[in-house]
>>> print(open('input_9.txt').read())   # compact mmCIF, C-alpha atoms
# COMPACT_ATOMS: atom_id res chain seq x y z
CA MET A 4 196.98 144.27 180.20
CA LEU A 5 194.09 146.57 181.15
CA ARG A 6 194.13 145.32 184.71
CA ASP A 7 197.86 145.89 184.99
CA ALA A 8 197.60 149.31 183.33
CA CYS A 9 194.88 150.39 185.73
CA ALA A 10 196.24 149.12 189.01
CA ARG A 11 200.02 149.12 188.59
CA GLN A 12 200.94 151.59 185.90
CA LEU A 13 198.25 154.22 186.42
CA ARG A 14 197.53 153.37 190.06
CA ARG A 15 193.78 153.99 189.79
CA ARG A 16 190.95 152.02 191.40
CA GLY A 17 188.80 151.46 188.35
CA LEU A 18 187.91 152.55 184.83
CA VAL A 19 185.58 155.11 183.26
CA VAL A 20 184.34 154.33 179.75
CA ALA A 21 182.16 156.72 177.77
CA THR A 22 179.97 154.63 175.52
CA SER A 23 178.31 155.80 172.35
CA GLY A 24 176.68 152.47 171.57
CA GLY A 25 179.23 152.04 168.77
CA ILE A 26 181.35 148.96 168.38
CA ASP A 27 184.63 150.41 169.71
CA SER A 28 183.38 151.85 172.96
CA SER A 29 181.20 148.77 173.52
CA VAL A 30 184.18 146.44 173.21
CA CYS A 31 186.24 148.72 175.47
CA LEU A 32 183.52 148.68 178.11
CA ALA A 33 183.30 144.89 177.94
CA LEU A 34 187.10 144.60 178.18
CA ALA A 35 187.11 146.96 181.18
CA VAL A 36 184.54 144.78 182.96
CA ARG A 37 186.58 141.66 182.24
CA ALA A 38 189.79 143.31 183.42
CA VAL A 39 188.76 144.89 186.72
CA GLY A 40 185.23 143.63 187.43
CA ARG A 41 181.90 145.37 186.86
CA GLU A 42 181.86 146.99 190.31
CA ARG A 43 184.99 148.97 189.34
CA VAL A 44 183.70 150.26 186.03
CA LEU A 45 181.54 153.30 185.33
CA ALA A 46 179.81 153.61 181.94
CA LEU A 47 178.98 157.15 180.82
CA VAL A 48 176.41 157.99 178.17
CA LEU A 49 176.82 161.57 176.96
CA PRO A 50 174.28 162.40 174.28
CA GLU A 51 173.67 165.81 172.75
CA ARG A 52 171.25 167.34 170.26
CA ASP A 53 172.63 165.55 167.21
CA SER A 54 173.12 162.11 168.78
CA SER A 55 170.87 159.42 167.37
CA GLU A 56 168.34 157.68 169.61
CA SER A 57 169.62 154.28 168.53
CA SER A 58 173.10 155.08 169.88
CA ALA A 59 171.79 155.67 173.41
CA HIS A 60 169.52 152.66 173.08
CA ARG A 61 172.44 150.36 172.24
CA ALA A 62 174.49 151.86 175.08
CA ASN A 63 171.67 151.05 177.52
CA ILE A 64 171.34 147.48 176.26
CA LEU A 65 175.06 146.95 176.68
CA ALA A 66 175.23 148.43 180.19
CA ARG A 67 172.39 146.13 181.27
CA HIS A 68 174.06 143.16 179.57
CA LEU A 69 177.32 143.82 181.41
CA GLY A 70 175.67 144.84 184.68
CA VAL A 71 177.73 148.03 185.07
CA SER A 72 176.70 151.30 186.69
CA GLN A 73 175.77 153.86 184.12
CA VAL A 74 175.44 157.62 184.30
CA THR A 75 173.67 159.50 181.52
CA HIS A 76 174.37 163.20 181.17
CA ASP A 77 172.82 165.23 178.35
CA ILE A 78 175.56 167.62 177.26
CA ALA A 79 173.34 169.69 174.95
CA PRO A 80 172.80 172.53 177.50
CA THR A 81 176.56 172.75 178.09
CA LEU A 82 177.25 172.81 174.36
CA GLU A 83 174.58 175.46 173.91
CA ALA A 84 176.08 177.61 176.67
CA ILE A 85 179.63 177.33 175.36
CA GLY A 86 178.55 178.29 171.83
CA CYS A 87 179.08 174.98 170.00
CA TYR A 88 175.86 175.17 167.99
CA ARG A 89 175.98 178.94 167.55
CA TRP A 90 179.51 178.99 166.10
CA ARG A 91 178.76 175.98 163.92
CA ASP A 92 175.52 177.40 162.54
CA GLU A 93 177.12 180.78 161.89
CA ALA A 94 179.71 179.03 159.68
CA TYR A 95 176.97 176.98 157.99
CA ARG A 96 175.11 180.18 157.15
CA ARG A 97 178.21 181.78 155.65
CA ALA A 98 178.34 178.81 153.27
CA LEU A 99 174.58 178.48 152.83
CA PRO A 100 172.59 181.59 153.86
CA GLU A 101 169.21 179.78 153.93
CA TYR A 102 170.42 177.37 156.64
CA GLY A 103 168.49 177.76 159.88
CA GLU A 104 166.08 176.24 162.35
CA GLY A 105 164.87 172.76 161.42
CA TRP A 106 167.63 172.05 158.87
CA ARG A 107 169.74 168.94 159.21
CA SER A 108 173.30 168.73 158.02
CA LYS A 109 176.57 166.89 157.67
CA ILE A 110 180.04 167.39 156.25
CA VAL A 111 181.25 165.07 153.50
CA ILE A 112 184.80 164.62 152.20
CA LYS A 113 185.29 164.66 148.42
CA GLY A 114 188.24 164.15 146.17
CA GLY A 115 190.61 161.48 147.46
CA ILE A 116 189.94 158.40 145.43
CA GLU A 117 189.18 160.28 142.20
CA GLY A 118 192.69 161.66 142.42
CA ARG A 119 191.53 165.10 143.36
CA ILE A 120 192.58 167.10 146.38
CA ASN A 121 190.50 166.37 149.45
CA HIS A 122 187.94 169.01 150.19
CA PHE A 123 184.75 169.24 152.17
CA VAL A 124 181.14 169.71 151.21
CA LEU A 125 178.26 170.78 153.44
CA VAL A 126 175.20 168.64 152.77
CA ALA A 127 172.12 170.27 154.27
CA GLN A 128 168.51 169.17 154.22
CA SER A 129 165.84 171.84 154.59
CA PRO A 130 162.73 171.25 156.70
CA ASP A 131 160.77 170.54 153.48
CA GLY A 132 163.18 167.71 152.66
CA SER A 133 165.15 169.18 149.76
CA THR A 134 168.91 168.72 149.91
CA ARG A 135 171.60 171.30 149.12
CA GLU A 136 175.33 170.74 148.67
CA VAL A 137 177.96 173.48 148.83
CA ARG A 138 181.74 173.32 148.92
CA LEU A 139 183.12 174.77 152.13
CA GLY A 140 185.77 177.44 152.10
CA VAL A 141 188.65 176.96 154.48
CA SER A 142 187.49 179.36 157.19
CA GLU A 143 183.97 177.88 157.27
CA TYR A 144 185.33 174.34 157.28
CA LEU A 145 187.75 175.04 160.13
CA GLN A 146 185.10 176.83 162.19
CA ILE A 147 182.62 173.97 161.80
CA VAL A 148 185.21 171.43 162.86
CA ALA A 149 186.38 173.60 165.75
CA ALA A 150 182.78 174.05 166.96
CA THR A 151 181.85 170.37 166.69
CA ASN A 152 185.08 169.46 168.50
CA PHE A 153 183.45 170.99 171.59
CA LYS A 154 181.36 167.81 171.72
CA GLN A 155 184.32 165.49 172.18
CA ARG A 156 186.07 167.91 174.53
CA ILE A 157 183.04 168.42 176.78
CA ARG A 158 182.56 164.66 176.91
CA LYS A 159 186.17 164.24 177.98
CA THR A 160 185.73 166.89 180.67
CA LEU A 161 182.89 164.83 182.15
CA GLU A 162 184.83 161.58 181.84
CA TYR A 163 187.65 163.09 183.86
CA PHE A 164 185.23 164.58 186.37
CA HIS A 165 183.92 161.11 187.17
CA ALA A 166 187.41 159.59 187.00
CA ASP A 167 188.70 162.16 189.49
CA ARG A 168 185.67 161.71 191.72
CA LEU A 169 186.14 157.95 191.89
CA ASN A 170 189.92 157.82 191.50
CA TYR A 171 189.48 155.89 188.28
CA ALA A 172 191.41 156.00 184.98
CA VAL A 173 189.80 157.01 181.67
CA VAL A 174 189.64 154.49 178.84
CA GLY A 175 190.11 155.83 175.31
CA THR A 176 188.34 153.86 172.63
CA PRO A 177 190.05 154.40 169.24
CA ASN A 178 190.65 151.38 167.03
CA ARG A 179 193.84 151.05 164.98
CA LEU A 180 192.42 152.72 161.88
CA GLU A 181 191.30 155.78 163.85
CA TYR A 182 194.48 155.93 165.91
CA ASP A 183 196.80 155.50 162.92
CA GLN A 184 194.93 157.99 160.77
CA GLY A 185 194.41 160.62 163.45
CA PHE A 186 190.64 160.37 163.40
CA PHE A 187 190.12 161.89 166.81
CA VAL A 188 189.98 165.27 168.51
CA LYS A 189 193.09 166.32 170.37
CA ASN A 190 192.24 166.73 174.05
CA GLY A 191 188.84 165.31 173.16
CA ASP A 192 188.30 161.66 172.36
CA GLY A 193 192.05 161.45 171.72
CA SER A 194 192.73 162.01 175.41
CA ALA A 195 192.77 159.03 177.77
CA ASP A 196 194.88 157.12 180.28
CA VAL A 197 194.74 153.81 178.46
CA LYS A 198 193.68 152.81 174.92
CA PRO A 199 193.06 149.07 174.92
CA ILE A 200 192.11 148.57 171.26
CA ALA A 201 194.38 151.09 169.49
CA HIS A 202 196.39 148.18 168.05
CA LEU A 203 193.33 146.37 166.61
CA TYR A 204 191.99 146.73 163.07
CA LYS A 205 188.30 147.57 162.98
CA SER A 206 187.41 144.11 161.66
CA GLN A 207 189.24 142.61 164.66
CA VAL A 208 187.15 144.79 166.98
CA TYR A 209 183.97 143.39 165.42
CA PHE A 210 185.37 139.90 165.81
CA LEU A 211 186.18 140.57 169.45
CA ALA A 212 182.64 141.87 170.07
CA ARG A 213 181.20 138.60 168.77
CA HIS A 214 183.82 136.57 170.62
CA MET A 215 182.85 138.21 173.91
CA GLY A 216 179.19 137.53 173.18
CA LEU A 217 178.04 141.15 173.14
CA PRO A 218 174.37 141.78 172.26
CA ALA A 219 173.51 141.44 168.57
CA GLU A 220 172.41 145.11 168.30
CA VAL A 221 175.89 146.16 169.43
CA CYS A 222 177.73 143.76 167.11
CA ALA A 223 175.69 145.07 164.18
CA ALA A 224 176.37 148.77 164.86
CA ILE A 225 177.37 150.68 161.73
CA PRO A 226 180.24 153.10 162.34
CA THR A 227 179.03 156.71 162.36
CA THR A 228 180.50 159.88 163.73
CA ASP A 229 177.26 160.57 165.66
CA THR A 230 178.29 164.21 165.53
CA TYR A 231 176.13 165.64 162.75
CA SER A 232 172.35 165.76 162.44
CA LEU A 233 172.12 163.95 159.08
CA PRO A 234 173.18 160.29 159.14
CA GLN A 235 176.89 160.25 158.40
CA GLY A 236 179.27 157.34 158.01
CA GLN A 237 182.84 157.81 159.21
CA ASP A 238 184.00 157.06 155.69
CA GLU A 239 182.00 160.02 154.34
CA PHE A 240 183.69 162.40 156.71
CA TYR A 241 187.23 161.23 156.89
CA PHE A 242 188.22 158.16 154.97
CA ALA A 243 188.59 157.70 151.24
CA LEU A 244 186.81 154.32 151.33
CA PRO A 245 184.15 152.57 153.42
CA TYR A 246 185.67 151.49 156.71
CA ALA A 247 185.89 147.76 155.93
CA GLN A 248 187.88 148.52 152.78
CA MET A 249 189.91 151.17 154.58
CA ASP A 250 190.77 148.64 157.25
CA LEU A 251 191.98 146.20 154.60
CA ALA A 252 193.96 148.94 152.85
CA LEU A 253 195.72 149.86 156.10
CA TRP A 254 196.53 146.21 156.76
CA ALA A 255 197.83 145.77 153.20
CA LEU A 256 200.02 148.87 153.45
CA ASN A 257 201.37 147.83 156.85
CA HIS A 258 202.21 144.40 155.46
CA GLY A 259 203.95 145.71 152.35
CA ARG A 260 201.37 144.36 149.90
CA PRO A 261 201.67 145.86 146.39
CA ALA A 262 198.93 148.24 145.23
CA GLY A 263 197.87 145.76 142.54
CA GLU A 264 197.00 143.18 145.15
CA LEU A 265 194.95 145.67 147.16
CA ALA A 266 193.19 146.79 143.97
CA ALA A 267 192.17 143.21 143.20
CA ALA A 268 190.93 142.65 146.75
CA LEU A 269 188.86 145.87 146.75
CA GLY A 270 187.67 145.80 143.15
CA VAL A 271 189.20 149.20 142.35
CA THR A 272 191.85 150.17 139.81
CA GLU A 273 195.53 149.96 140.67
CA ALA A 274 195.80 153.74 140.33
CA GLN A 275 192.99 154.15 142.89
CA ALA A 276 194.70 151.72 145.24
CA ARG A 277 197.91 153.71 144.95
CA ARG A 278 195.97 156.87 145.81
CA VAL A 279 194.52 155.16 148.89
CA TYR A 280 198.04 154.26 150.03
CA ALA A 281 199.17 157.83 149.38
CA ASP A 282 196.18 159.19 151.33
CA ILE A 283 197.00 156.96 154.31
CA GLU A 284 200.59 158.22 154.34
CA LEU A 285 199.46 161.82 153.94
CA LYS A 286 197.04 161.54 156.86
CA ARG A 287 199.81 160.08 159.03
CA ARG A 288 201.91 163.12 158.26
CA THR A 289 199.18 165.72 158.68
CA THR A 290 197.87 164.26 161.94
CA ALA A 291 201.24 163.73 163.61
CA TYR A 292 200.58 166.84 165.66
CA LEU A 293 197.48 165.24 167.19
CA HIS A 294 199.65 162.53 168.72
CA ALA A 295 202.45 164.87 169.71
CA ARG A 296 203.15 165.74 173.30
CA PRO A 297 203.82 169.44 173.86
CA VAL A 298 207.16 170.54 172.44
CA LEU A 299 209.67 171.47 175.14
CA VAL A 300 212.86 173.45 174.69
CA GLU A 301 214.79 170.66 176.40
CA PRO A 302 213.81 167.42 178.11
CA VAL A 303 213.07 167.46 181.83
CA SER A 304 215.12 164.34 182.30
CA GLU A 305 214.50 163.84 186.02
CA LEU A 306 211.00 162.59 185.16
CA ALA A 307 212.19 159.71 182.98
CA ALA A 308 212.52 157.39 185.98
CA PHE A 309 208.80 157.86 186.76
CA ALA A 310 207.42 157.51 183.23
CA VAL A 311 204.24 155.46 182.78
CA GLY A 312 203.90 153.09 179.84
CA GLY A 313 207.30 153.79 178.35
CA HIS A 314 206.90 157.55 177.79
CA MET B 16 188.34 194.40 141.19
CA ASN B 17 191.63 195.83 139.96
CA ALA B 18 192.57 195.24 136.37
CA VAL B 19 196.25 194.59 136.95
CA ARG B 20 197.69 192.28 134.31
CA HIS B 21 199.59 189.30 135.57
CA ASP B 22 202.19 187.63 133.45
CA ASP B 23 203.46 184.18 134.30
CA THR B 24 206.57 185.42 136.12
CA ASP B 25 204.55 187.76 138.33
CA LEU B 26 202.09 185.03 139.15
CA ARG B 27 204.76 182.53 140.07
CA ALA B 28 206.46 185.11 142.26
CA GLU B 29 203.23 186.02 143.99
CA VAL B 30 202.27 182.39 144.65
CA ARG B 31 205.78 181.65 145.90
CA ASN B 32 205.63 184.64 148.20
CA TYR B 33 202.25 183.56 149.58
CA LEU B 34 203.45 180.00 150.22
CA ARG B 35 206.63 181.23 151.87
CA GLU B 36 204.92 183.73 154.16
CA ASN B 37 201.94 181.59 155.13
CA PHE B 38 203.22 178.06 155.26
CA LEU B 39 206.96 178.40 155.84
CA PHE B 40 206.98 181.45 158.13
CA GLY B 41 209.29 183.24 155.74
CA GLU B 42 211.88 180.46 155.57
CA GLU B 43 212.18 178.84 152.18
CA ALA B 44 215.25 176.65 152.30
CA PRO B 45 216.08 175.04 150.03
CA ARG B 46 214.25 177.20 147.47
CA LEU B 47 211.05 175.67 146.11
CA GLY B 48 211.40 174.72 142.46
CA ASP B 49 208.60 176.01 140.22
CA GLU B 50 207.78 172.45 139.20
CA GLU B 51 208.38 170.88 142.60
CA SER B 52 205.52 169.02 144.35
CA LEU B 53 204.16 171.02 147.27
CA ILE B 54 202.86 167.82 148.86
CA GLY B 55 206.24 166.15 148.29
CA ARG B 56 208.04 169.07 149.96
CA HIS B 57 205.46 168.97 152.79
CA VAL B 58 204.53 172.58 152.23
CA LEU B 59 200.81 171.87 151.86
CA ASP B 60 198.48 169.35 153.49
CA SER B 61 194.77 169.08 152.74
CA THR B 62 193.83 172.10 154.85
CA GLY B 63 196.74 173.92 153.24
CA PHE B 64 195.23 173.35 149.81
CA LEU B 65 191.93 174.78 150.99
CA GLU B 66 193.79 177.85 152.24
CA LEU B 67 195.61 178.14 148.93
CA VAL B 68 192.33 177.94 147.00
CA ALA B 69 190.78 180.62 149.24
CA PHE B 70 193.82 182.83 148.62
CA LEU B 71 193.71 182.39 144.84
CA GLU B 72 189.97 183.06 144.72
CA SER B 73 190.13 186.23 146.77
CA ARG B 74 193.41 187.61 145.42
CA PHE B 75 192.68 187.08 141.73
CA GLY B 76 188.88 187.13 141.77
CA VAL B 77 188.64 183.72 140.12
CA ARG B 78 186.63 180.65 141.05
CA ILE B 79 188.40 177.27 141.26
CA GLU B 80 185.77 174.65 140.36
CA ASP B 81 185.60 171.23 142.03
CA PRO B 82 186.96 169.30 139.00
CA GLU B 83 189.95 171.66 138.97
CA MET B 84 190.94 170.69 142.53
CA THR B 85 193.60 168.29 141.30
CA PRO B 86 197.30 167.84 142.07
CA GLU B 87 197.94 168.50 138.35
CA ASN B 88 196.56 172.04 138.79
CA LEU B 89 197.59 172.88 142.34
CA ASP B 90 200.60 170.86 143.46
CA ALA B 91 203.36 173.11 142.03
CA ILE B 92 203.96 176.84 141.69
CA ALA B 93 204.15 176.61 137.86
CA SER B 94 200.85 174.74 137.49
CA ILE B 95 199.06 177.08 139.92
CA ALA B 96 200.27 180.06 137.88
CA THR B 97 199.11 178.40 134.66
CA LEU B 98 195.69 177.68 136.12
CA VAL B 99 195.19 181.23 137.37
CA GLN B 100 196.53 182.80 134.20
CA GLY B 101 194.16 180.71 132.10
CA LYS B 102 191.24 181.90 134.20
CA LEU B 103 192.31 185.56 134.08
CA ALA B 104 192.80 185.39 130.30
CA GLY B 105 189.32 183.89 129.93
CA ALA B 106 187.81 186.64 132.09
CA ASP B 107 189.78 189.31 130.17
CA SER B 108 188.63 188.27 126.72
CA GLY B 109 185.01 188.18 127.88
CA GLY B 110 184.92 191.26 130.08
CA ARG B 111 187.19 193.73 128.29
CA ALA B 112 186.30 193.25 124.65
CA ASP B 113 185.91 196.95 123.99
CA ALA B 114 188.78 198.18 126.13
CA ALA B 115 192.44 198.62 125.17
CA GLU B 116 193.58 198.22 121.55
>>> encode(input="input_9.txt", output="structure tokens")
Amino acid sequence: MLRDACARQLRRRGLVVATSGGIDSSVCLALAVRAVGRERVLALVLPERDSSESSAHRANILARHLGVSQVTHDIAPTLEAIGCYRWRDEAYRRALPEYGEGWRSKIVIKGGIEGRINHFVLVAQSPDGSTREVRLGVSEYLQIVAATNFKQRIRKTLEYFHADRLNYAVVGTPNRLEYDQGFFVKNGDGSADVKPIAHLYKSQVYFLARHMGLPAEVCAAIPTTDTYSLPQGQDEFYFALPYAQMDLALWALNHGRPAGELAAALGVTEAQARRVYADIELKRRTTAYLHARPVLVEPVSELAAFAVGGH
Amino acid sequence: MNAVRHDDTDLRAEVRNYLRENFLFGEEAPRLGDEESLIGRHVLDSTGFLELVAFLESRFGVRIEDPEMTPENLDAIASIATLVQGKLAGADSGGRADAAE
């Protein structure tokens, strides 16, 4: 599929894959190598100030394992220049005036499974190690997200630079859970020419990693956003449950399983399982705009004959 | 802070007006029922609730606590009005003991 997408549908000569060292991008890179050969694949590693060392380490191990060319580009100076950190920290300080140099931080979602309305909390650790938690008001929350979205958008800018330079296509790396639930940045990591694992549940991606014999460090990677300076699981930021349970919940909902059955499988109450289903449906609705192509007043129908991939 | 008194009808009207102007761009058709679910009618999503809370806190000078961030309190015009009125009444009885009468 990837080979056909690259050569025939997209008419590019190879594939660019930005790798974070996480399981999804690792599997996508391995699939790209299998599809078009390692000499037609470029791996990009794009760390910034808040990326963890272990992410880059795993990315390096994988690139060596697969024998692909790899370019590493530290995007921190670009993010600094464009104001990513400055806008983010200004919003942090509105919520927590003491926040400053040497603090580490993350955003945590609260509410969903307890039946409350989802809201966001800034968790910040001062240089002396004490931790503070404050609820974020809407303008602070939106500004923090908008500022951190620079990271995914700058990465995508570099991916397309290399893709244009080499006449390659860009591989997007969302799994089914992320794609379905809109866990991506529009025109950031959501942007790509081909998304080879968007139909796979996260547990299937792990299975595929082991099936393809990827290095143990890669197969064992815990999903993180790698976007905030305190360790942060994806489930803390976006999902109501840890990812393995979220994956199961999505599967159960997609296969029409009653909430009682999901509750038994997850060890939660039936009411909580129903709230998880409701949260999945709500996220589909609220993130529809991330998937949407720009709204036109009327279709430009002459282009239909040239559409790629059924669009 | 102004000491305007808000009865339930005023509060419902003000919340309705805010929802209509901010989330529906002035078009409220069909009319939102006072008891109708704002999630169910797709008026509010999770960011929308945060905006609503910010509006209530700044407009009425109240603080919505984390445990109060529930659909029971915030998912319908009537329950929002009840929540805010309860908070204003509490603030009134504490802060204006020697006024009026």
>>> residues_around(input="input_9.txt", residues="range 96-99 of chain B", least_positions_apart="2", cutoff="9 Å", atoms="only C-alpha atoms", output="VMD selection string")
chain B and resid 22 to 27 30 71 75 77 79 83 88 to 89 91 to 94 101 to 104
>>> closest_atom_pairs(input="input_9.txt", of="chain B", to="chain A", cutoff="12 Å", atoms="only C-alpha atoms", output="tab-separated table")
residue	atom	partner	partner_atom	distance
B:Ile54	CA	A:Leu285	CA	8.6
B:Gly55	CA	A:Leu285	CA	9.8
B:Arg56	CA	A:Arg288	CA	11.9
B:His57	CA	A:Arg288	CA	8.8
B:Val58	CA	A:Thr289	CA	10.8
B:Leu59	CA	A:Thr289	CA	9.3
B:Asp60	CA	A:Thr289	CA	6.4
B:Ser61	CA	A:Asn121	CA	6.0
B:Thr62	CA	A:Val141	CA	7.1
B:Gly63	CA	A:Val141	CA	8.7
B:Phe64	CA	A:Ile120	CA	7.6
B:Leu65	CA	A:Val141	CA	5.3
B:Glu66	CA	A:Val141	CA	5.7
B:Leu67	CA	A:Val141	CA	9.0
B:Val68	CA	A:Gly140	CA	8.3
B:Ala69	CA	A:Gly140	CA	6.6
B:Phe70	CA	A:Val141	CA	9.8
B:Leu71	CA	A:Gly140	CA	11.8
B:Glu72	CA	A:Gly140	CA	10.2
B:Ser73	CA	A:Gly140	CA	11.2
B:Arg78	CA	A:Gly140	CA	11.5
B:Ile79	CA	A:Arg138	CA	10.9
B:Glu80	CA	A:Arg138	CA	9.6
B:Asp81	CA	A:Arg138	CA	8.2
B:Pro82	CA	A:Arg119	CA	7.6
B:Glu83	CA	A:Arg119	CA	8.0
B:Met84	CA	A:Ile120	CA	5.5
B:Thr85	CA	A:Arg119	CA	4.3
B:Pro86	CA	A:Ile120	CA	6.4
B:Glu87	CA	A:Arg119	CA	8.8
B:Asn88	CA	A:Arg119	CA	9.7
B:Leu89	CA	A:Ile120	CA	8.7
B:Asp90	CA	A:Ile120	CA	9.3
>>> residues_around(input="input_9.txt", residues="Ser58 in chain A", least_positions_apart="2", cutoff="6 Å", atoms="all atoms listed in the file", output="ChimeraX atom specification")
/A:23-24,55-56,60-61
>>> closest_residue(input="input_9.txt", among="A:Val126, A:Met215, A:Leu256, A:Ala266", to="Glu284 in chain A", atoms="only C-alpha atoms")
A:Leu256
>>> atom_distance(input="input_9.txt", atom1="CA of Asn63 in chain A", atom2="CA of Ala46 in chain A")
9.6 Å
>>> residues_around(input="input_9.txt", residues="range 92-105 of chain A", least_positions_apart="2", cutoff="12 Å", atoms="all atoms listed in the file", output="PyMOL selection string")
chain A and resi 83+86-90+107-110+123-151+231-233
>>> atom_distance(input="input_9.txt", atom1="CA of Leu203 in chain A", atom2="CA of Gln275 in chain A")
25.0 Å
>>> atom_distance(input="input_9.txt", atom1="CA of Arg278 in chain A", atom2="CA of Ala224 in chain A")
28.5 Å
>>> residues_around(input="input_9.txt", residues="Gly193 in chain A", least_positions_apart="5", cutoff="10 Å", atoms="only C-alpha atoms", output="number ranges by chain")
A: 155-156, 159, 175-177, 181-182, 185-188, 198, 293-294
>>> residues_around(input="input_9.txt", residues="Glu43 in chain B", least_positions_apart="6", cutoff="12 Å", atoms="all atoms listed in the file", output="list of chain:residue names")
B:Arg31, B:Asn32, B:Tyr33, B:Leu34, B:Arg35, B:Glu36, B:Asn37, B:Arg56, B:His57, B:Val58
>>> write_last_selection(input="input_9.txt", atoms="C-alpha atoms", output="compact mmCIF listing (two decimals), in the coordinates of the input")
# COMPACT_ATOMS: atom_id res chain seq x y z
CA ARG B 31 205.78 181.65 145.90
CA ASN B 32 205.63 184.64 148.20
CA TYR B 33 202.25 183.56 149.58
CA LEU B 34 203.45 180.00 150.22
CA ARG B 35 206.63 181.23 151.87
CA GLU B 36 204.92 183.73 154.16
CA ASN B 37 201.94 181.59 155.13
CA ARG B 56 208.04 169.07 149.96
CA HIS B 57 205.46 168.97 152.79
CA VAL B 58 204.53 172.58 152.23
>>> decode(input="input_9.txt", residues="range 32-48 of chain B", atoms="C-alpha atoms", output="PDB file, in the first residue's frame")
ATOM      1  CA  ASN B  32     -27.974  35.755  25.837  1.00  0.00           C
ATOM      2  CA  TYR B  33     -24.309  34.916  26.440  1.00  0.00           C
ATOM      3  CA  LEU B  34     -24.668  31.447  24.896  1.00  0.00           C
ATOM      4  CA  ARG B  35     -26.522  32.833  21.902  1.00  0.00           C
ATOM      5  CA  GLU B  36     -24.061  35.635  21.191  1.00  0.00           C
ATOM      6  CA  ASN B  37     -20.864  33.677  21.808  1.00  0.00           C
ATOM      7  CA  PHE B  38     -21.572  30.177  20.641  1.00  0.00           C
ATOM      8  CA  LEU B  39     -24.415  30.535  18.145  1.00  0.00           C
ATOM      9  CA  PHE B  40     -23.434  33.860  16.538  1.00  0.00           C
ATOM     10  CA  GLY B  41     -26.817  35.287  17.435  1.00  0.00           C
ATOM     11  CA  GLU B  42     -28.837  32.474  15.871  1.00  0.00           C
ATOM     12  CA  GLU B  43     -30.792  30.418  18.355  1.00  0.00           C
ATOM     13  CA  ALA B  44     -33.112  28.215  16.355  1.00  0.00           C
ATOM     14  CA  PRO B  45     -34.903  26.321  17.623  1.00  0.00           C
ATOM     15  CA  ARG B  46     -34.947  28.157  20.962  1.00  0.00           C
ATOM     16  CA  LEU B  47     -32.886  26.509  23.696  1.00  0.00           C
ATOM     17  CA  GLY B  48     -35.078  25.093  26.438  1.00  0.00           C
TER      18      GLY B  48
END
